[in-house]
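Enquirer: Following this line is input_20.cif, made up of mmCIF, N, CA, C and O atoms:
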```cif
data_query
#
loop_
_atom_site.label_atom_id
_atom_site.label_comp_id
_atom_site.auth_asym_id
_atom_site.auth_seq_id
_atom_site.Cartn_x
_atom_site.Cartn_y
_atom_site.Cartn_z
N SER A 117 7.33 -21.34 8.60
CA SER A 117 6.88 -19.97 8.77
C SER A 117 7.14 -19.51 10.20
O SER A 117 6.89 -20.26 11.15
N SER A 118 7.59 -18.31 10.36
CA SER A 118 7.86 -17.81 11.70
C SER A 118 6.57 -17.52 12.48
O SER A 118 6.60 -17.38 13.68
N PHE A 119 5.43 -17.43 11.79
CA PHE A 119 4.17 -17.16 12.45
C PHE A 119 3.33 -18.42 12.64
O PHE A 119 2.26 -18.37 13.22
N GLY A 120 3.78 -19.56 12.14
CA GLY A 120 2.98 -20.77 12.23
C GLY A 120 1.70 -20.61 11.44
O GLY A 120 1.73 -20.16 10.31
N LYS A 121 0.58 -20.95 12.03
CA LYS A 121 -0.69 -20.81 11.33
C LYS A 121 -1.41 -19.53 11.71
O LYS A 121 -2.54 -19.31 11.31
N LYS A 122 -0.78 -18.67 12.49
CA LYS A 122 -1.40 -17.42 12.91
C LYS A 122 -1.25 -16.38 11.83
O LYS A 122 -0.29 -16.37 11.07
N LYS A 123 -2.22 -15.48 11.76
CA LYS A 123 -2.15 -14.38 10.81
C LYS A 123 -1.53 -13.18 11.50
O LYS A 123 -1.66 -13.02 12.71
N ALA A 124 -0.87 -12.35 10.74
CA ALA A 124 -0.27 -11.14 11.29
C ALA A 124 -0.95 -9.94 10.66
O ALA A 124 -1.24 -9.93 9.47
N LYS A 125 -1.22 -8.93 11.46
CA LYS A 125 -1.77 -7.69 10.93
C LYS A 125 -0.63 -6.70 10.78
O LYS A 125 0.26 -6.62 11.62
N PHE A 126 -0.67 -5.95 9.70
CA PHE A 126 0.37 -4.99 9.40
C PHE A 126 -0.29 -3.68 9.03
O PHE A 126 -1.23 -3.66 8.24
N SER A 127 0.17 -2.60 9.62
CA SER A 127 -0.38 -1.30 9.30
C SER A 127 0.77 -0.33 9.09
O SER A 127 1.63 -0.18 9.95
N ALA A 128 0.79 0.32 7.94
CA ALA A 128 1.80 1.33 7.66
C ALA A 128 1.08 2.65 7.43
O ALA A 128 0.69 2.99 6.33
N THR A 129 0.83 3.37 8.51
CA THR A 129 0.03 4.58 8.42
C THR A 129 0.86 5.84 8.29
O THR A 129 0.31 6.92 8.14
N GLY A 130 2.17 5.71 8.37
CA GLY A 130 3.01 6.90 8.27
C GLY A 130 3.19 7.61 9.61
O GLY A 130 3.74 8.69 9.67
N LEU A 131 2.72 7.01 10.70
CA LEU A 131 2.85 7.65 12.00
C LEU A 131 4.17 7.33 12.68
O LEU A 131 4.50 7.93 13.69
N LEU A 132 4.91 6.39 12.16
CA LEU A 132 6.21 6.06 12.74
C LEU A 132 7.25 7.09 12.32
O LEU A 132 7.17 7.66 11.23
N PRO A 133 8.26 7.31 13.17
CA PRO A 133 9.38 8.15 12.72
C PRO A 133 10.01 7.52 11.47
O PRO A 133 10.00 6.30 11.31
N LYS A 134 10.56 8.33 10.61
CA LYS A 134 11.07 7.86 9.32
C LYS A 134 12.05 6.70 9.47
O LYS A 134 11.98 5.72 8.72
N GLU A 135 12.95 6.76 10.45
CA GLU A 135 13.95 5.70 10.61
C GLU A 135 13.29 4.36 10.93
O GLU A 135 13.66 3.32 10.39
N GLU A 136 12.29 4.38 11.81
CA GLU A 136 11.60 3.14 12.17
C GLU A 136 10.78 2.62 11.00
O GLU A 136 10.68 1.41 10.78
N PHE A 137 10.20 3.52 10.23
CA PHE A 137 9.41 3.13 9.07
C PHE A 137 10.28 2.45 8.03
O PHE A 137 9.90 1.44 7.44
N VAL A 138 11.48 2.97 7.82
CA VAL A 138 12.41 2.38 6.85
C VAL A 138 12.80 0.97 7.30
O VAL A 138 12.83 0.04 6.49
N VAL A 139 13.05 0.78 8.59
CA VAL A 139 13.39 -0.54 9.12
C VAL A 139 12.21 -1.50 8.89
O VAL A 139 12.40 -2.64 8.46
N LEU A 140 11.00 -1.03 9.14
CA LEU A 140 9.81 -1.86 8.94
C LEU A 140 9.64 -2.24 7.47
O LEU A 140 9.37 -3.40 7.15
N LEU A 141 9.83 -1.29 6.57
CA LEU A 141 9.71 -1.59 5.14
C LEU A 141 10.76 -2.60 4.69
O LEU A 141 10.46 -3.48 3.88
N LYS A 142 11.98 -2.49 5.22
CA LYS A 142 13.03 -3.46 4.88
C LYS A 142 12.63 -4.85 5.37
O LYS A 142 12.84 -5.84 4.67
N TRP A 143 12.05 -4.94 6.57
CA TRP A 143 11.61 -6.22 7.12
C TRP A 143 10.52 -6.83 6.23
O TRP A 143 10.57 -8.02 5.93
N VAL A 144 9.57 -6.01 5.79
CA VAL A 144 8.50 -6.50 4.92
C VAL A 144 9.08 -6.96 3.59
O VAL A 144 8.74 -8.05 3.09
N ARG A 145 9.96 -6.17 3.00
CA ARG A 145 10.57 -6.54 1.72
C ARG A 145 11.32 -7.87 1.83
O ARG A 145 11.19 -8.74 0.97
N GLU A 146 12.09 -8.03 2.89
CA GLU A 146 12.83 -9.29 3.10
C GLU A 146 11.87 -10.46 3.29
O GLU A 146 12.11 -11.55 2.79
N GLY A 147 10.79 -10.22 4.03
CA GLY A 147 9.81 -11.28 4.25
C GLY A 147 9.19 -11.76 2.95
O GLY A 147 9.02 -12.96 2.72
N PHE A 148 8.87 -10.81 2.06
CA PHE A 148 8.31 -11.20 0.76
C PHE A 148 9.35 -11.90 -0.09
O PHE A 148 9.06 -12.90 -0.74
N SER A 149 10.61 -11.39 -0.11
CA SER A 149 11.62 -12.04 -0.96
C SER A 149 11.99 -13.43 -0.47
O SER A 149 12.32 -14.28 -1.28
N LYS A 150 11.91 -13.67 0.83
CA LYS A 150 12.24 -15.00 1.36
C LYS A 150 11.04 -15.93 1.38
O LYS A 150 11.16 -17.09 1.77
N GLY A 151 9.89 -15.43 0.96
CA GLY A 151 8.69 -16.27 0.94
C GLY A 151 8.05 -16.44 2.31
O GLY A 151 7.17 -17.26 2.49
N GLN A 152 8.48 -15.64 3.29
CA GLN A 152 7.91 -15.73 4.64
C GLN A 152 6.59 -14.96 4.73
O GLN A 152 5.79 -15.22 5.62
N LEU A 153 6.40 -13.99 3.87
CA LEU A 153 5.16 -13.21 3.80
C LEU A 153 4.60 -13.34 2.40
O LEU A 153 5.34 -13.45 1.43
N LYS A 154 3.29 -13.33 2.30
CA LYS A 154 2.68 -13.32 0.97
C LYS A 154 1.38 -12.54 1.03
O LYS A 154 0.69 -12.51 2.06
N ALA A 155 1.06 -11.90 -0.06
CA ALA A 155 -0.19 -11.15 -0.17
C ALA A 155 -1.26 -12.07 -0.74
O ALA A 155 -1.02 -12.76 -1.73
N ILE A 156 -2.38 -12.09 -0.11
CA ILE A 156 -3.50 -12.89 -0.58
C ILE A 156 -4.46 -11.95 -1.30
O ILE A 156 -5.07 -11.08 -0.68
N ILE A 157 -4.57 -12.10 -2.61
CA ILE A 157 -5.46 -11.26 -3.41
C ILE A 157 -6.74 -12.06 -3.67
O ILE A 157 -6.71 -13.12 -4.28
N ASP A 158 -7.85 -11.54 -3.17
CA ASP A 158 -9.14 -12.19 -3.37
C ASP A 158 -9.71 -11.83 -4.73
O ASP A 158 -10.06 -12.70 -5.52
N LYS A 159 -9.78 -10.54 -5.01
CA LYS A 159 -10.41 -10.08 -6.24
C LYS A 159 -9.82 -8.74 -6.67
O LYS A 159 -9.37 -7.98 -5.83
N SER A 160 -9.87 -8.48 -7.97
CA SER A 160 -9.44 -7.19 -8.51
C SER A 160 -10.63 -6.52 -9.18
O SER A 160 -11.46 -7.19 -9.80
N PHE A 161 -10.69 -5.21 -9.04
CA PHE A 161 -11.75 -4.42 -9.66
C PHE A 161 -11.10 -3.23 -10.37
O PHE A 161 -10.11 -2.68 -9.88
N PRO A 162 -11.67 -2.80 -11.49
CA PRO A 162 -11.19 -1.54 -12.08
C PRO A 162 -11.55 -0.39 -11.15
O PRO A 162 -12.53 -0.47 -10.40
N LEU A 163 -10.78 0.67 -11.17
CA LEU A 163 -11.01 1.80 -10.28
C LEU A 163 -12.43 2.35 -10.40
O LEU A 163 -13.03 2.76 -9.42
N GLU A 164 -12.98 2.29 -11.60
CA GLU A 164 -14.34 2.80 -11.82
C GLU A 164 -15.38 1.96 -11.08
O GLU A 164 -16.51 2.39 -10.91
N ALA A 165 -15.01 0.76 -10.65
CA ALA A 165 -15.96 -0.14 -9.97
C ALA A 165 -15.73 -0.15 -8.46
O ALA A 165 -16.01 -1.14 -7.79
N VAL A 166 -15.26 0.97 -7.92
CA VAL A 166 -14.97 1.02 -6.48
C VAL A 166 -16.24 0.75 -5.66
O VAL A 166 -16.18 0.12 -4.60
N ARG A 167 -17.39 1.19 -6.14
CA ARG A 167 -18.64 0.92 -5.43
C ARG A 167 -18.90 -0.59 -5.34
O ARG A 167 -19.24 -1.10 -4.27
N GLU A 168 -18.71 -1.29 -6.45
CA GLU A 168 -18.90 -2.74 -6.46
C GLU A 168 -17.88 -3.44 -5.54
O GLU A 168 -18.21 -4.42 -4.88
N ALA A 169 -16.66 -2.91 -5.51
CA ALA A 169 -15.64 -3.48 -4.63
C ALA A 169 -16.08 -3.36 -3.17
O ALA A 169 -15.98 -4.31 -2.40
N HIS A 170 -16.59 -2.19 -2.80
CA HIS A 170 -17.08 -2.00 -1.43
C HIS A 170 -18.26 -2.92 -1.14
O HIS A 170 -18.36 -3.49 -0.05
N GLN A 171 -19.14 -3.06 -2.10
CA GLN A 171 -20.29 -3.95 -1.91
C GLN A 171 -19.83 -5.39 -1.70
O GLN A 171 -20.37 -6.11 -0.87
N TYR A 172 -18.81 -5.81 -2.45
CA TYR A 172 -18.28 -7.15 -2.29
C TYR A 172 -17.70 -7.35 -0.89
O TYR A 172 -17.95 -8.35 -0.22
N VAL A 173 -16.94 -6.37 -0.42
CA VAL A 173 -16.37 -6.45 0.93
C VAL A 173 -17.48 -6.55 1.96
O VAL A 173 -17.40 -7.33 2.92
N ASP A 174 -18.55 -5.78 1.78
CA ASP A 174 -19.66 -5.77 2.73
C ASP A 174 -20.42 -7.09 2.79
O ASP A 174 -21.13 -7.33 3.76
N THR A 175 -20.27 -7.95 1.78
CA THR A 175 -20.98 -9.23 1.81
C THR A 175 -20.40 -10.18 2.85
O THR A 175 -21.05 -11.14 3.24
N GLY A 176 -19.15 -9.93 3.27
CA GLY A 176 -18.51 -10.81 4.24
C GLY A 176 -17.85 -12.03 3.61
O GLY A 176 -17.33 -12.88 4.31
N ARG A 177 -17.86 -12.13 2.28
CA ARG A 177 -17.27 -13.30 1.60
C ARG A 177 -15.79 -13.09 1.26
O ARG A 177 -15.13 -13.99 0.78
N LYS A 178 -15.27 -11.89 1.49
CA LYS A 178 -13.89 -11.57 1.14
C LYS A 178 -12.93 -12.44 1.94
O LYS A 178 -13.04 -12.58 3.14
N ARG A 179 -11.97 -13.05 1.25
CA ARG A 179 -11.00 -13.93 1.90
C ARG A 179 -9.57 -13.45 1.75
O ARG A 179 -8.64 -14.13 2.14
N GLY A 180 -9.39 -12.31 1.16
CA GLY A 180 -8.05 -11.74 0.98
C GLY A 180 -8.19 -10.26 0.71
O GLY A 180 -9.21 -9.64 1.01
N ASN A 181 -7.17 -9.69 0.10
CA ASN A 181 -7.18 -8.27 -0.22
C ASN A 181 -7.95 -8.01 -1.50
O ASN A 181 -8.02 -8.85 -2.39
N ILE A 182 -8.50 -6.84 -1.60
CA ILE A 182 -9.17 -6.37 -2.80
C ILE A 182 -8.23 -5.35 -3.46
O ILE A 182 -7.70 -4.47 -2.79
N VAL A 183 -8.04 -5.49 -4.77
CA VAL A 183 -7.14 -4.60 -5.49
C VAL A 183 -7.96 -3.76 -6.46
O VAL A 183 -8.79 -4.29 -7.20
N LEU A 184 -7.71 -2.44 -6.43
CA LEU A 184 -8.34 -1.53 -7.39
C LEU A 184 -7.29 -1.20 -8.45
O LEU A 184 -6.18 -0.76 -8.12
N ILE A 185 -7.63 -1.42 -9.70
CA ILE A 185 -6.69 -1.23 -10.81
C ILE A 185 -7.04 0.07 -11.54
O ILE A 185 -8.17 0.20 -12.02
N PRO A 186 -6.08 0.99 -11.62
CA PRO A 186 -6.36 2.26 -12.33
C PRO A 186 -6.53 2.06 -13.81
O PRO A 186 -6.11 1.14 -14.41
#
```
Show this structure as structure tokens.
Expert:
Amino acid sequence: SSFGKKKAKFSATGLLPKEEFVVLLKWVREGFSKGQLKAIIDKSFPLEAVREAHQYVDTGRKRGNIVLIP
């Protein structure tokens, strides 16, 4: 892994100029396809359970991403 045991934070807020954003998205896509990046999904909740999802996050037990399913 290019990051070793360190975690990387990634934020795509749309504040980058379009050209830089496209380069960043290509880098992320390549990282996922090469297995260099992976998404850690802790739990999934139906969209109607968004309150429960927030409550779960607030417990401090979350170890990955929370996914809301429409």
Enquirer: For Pro162 (chain A), list every protein, DNA or RNA residue within 8 Å, evaluated using only N, CA, C and O atoms, and leave out those in the same chain fewer than 4 positions away; present the list as a list in words.
Expert: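 Result of the neighbour search: Val166, Arg167, Glu168, Ala169, Val183, Leu184, Ile185 and Pro186 of chain A.
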Enquirer: Using Å and a single decimal, report how far CA of Gly180 (chain A) sits from CA of Pro133 (chain A).
Expert: 28.9 Å
Enquirer: Given the PyMOL selection byres ((chain A and resi 157) around 6) and the file above, list the residues it selects as a list in words.
Expert: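 Expected selection for the PyMOL selection byres ((chain A and resi 157) around 6) here is Ala155, Ile156, Asp158, Lys159, Gly180, Asn181 and Ile182 of chain A.
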Enquirer: Can you work out the spacing between CA of Ser160 (chain A) and CA of Gly176 (chain A) in Å, to one decimal?
Expert: 16.1 Å
Enquirer: Per DSSP on the backbone, what are the strand (DSSP E or B) residues of chain A, as a PyMOL selection string?
Expert: chain A and resi 157-162+181-185
Enquirer: Taking the DSSP secondary structure from the backbone, can you list the residues of chain A that are alpha helix (DSSP H), as a VMD selection string?
Expert: chain A and resid 134 to 149 166 to 174
Enquirer: What is the CA of Phe137 (chain A)-CA of His170 (chain A) distance in Å, reported with one decimal?
Expert: 29.0 Å
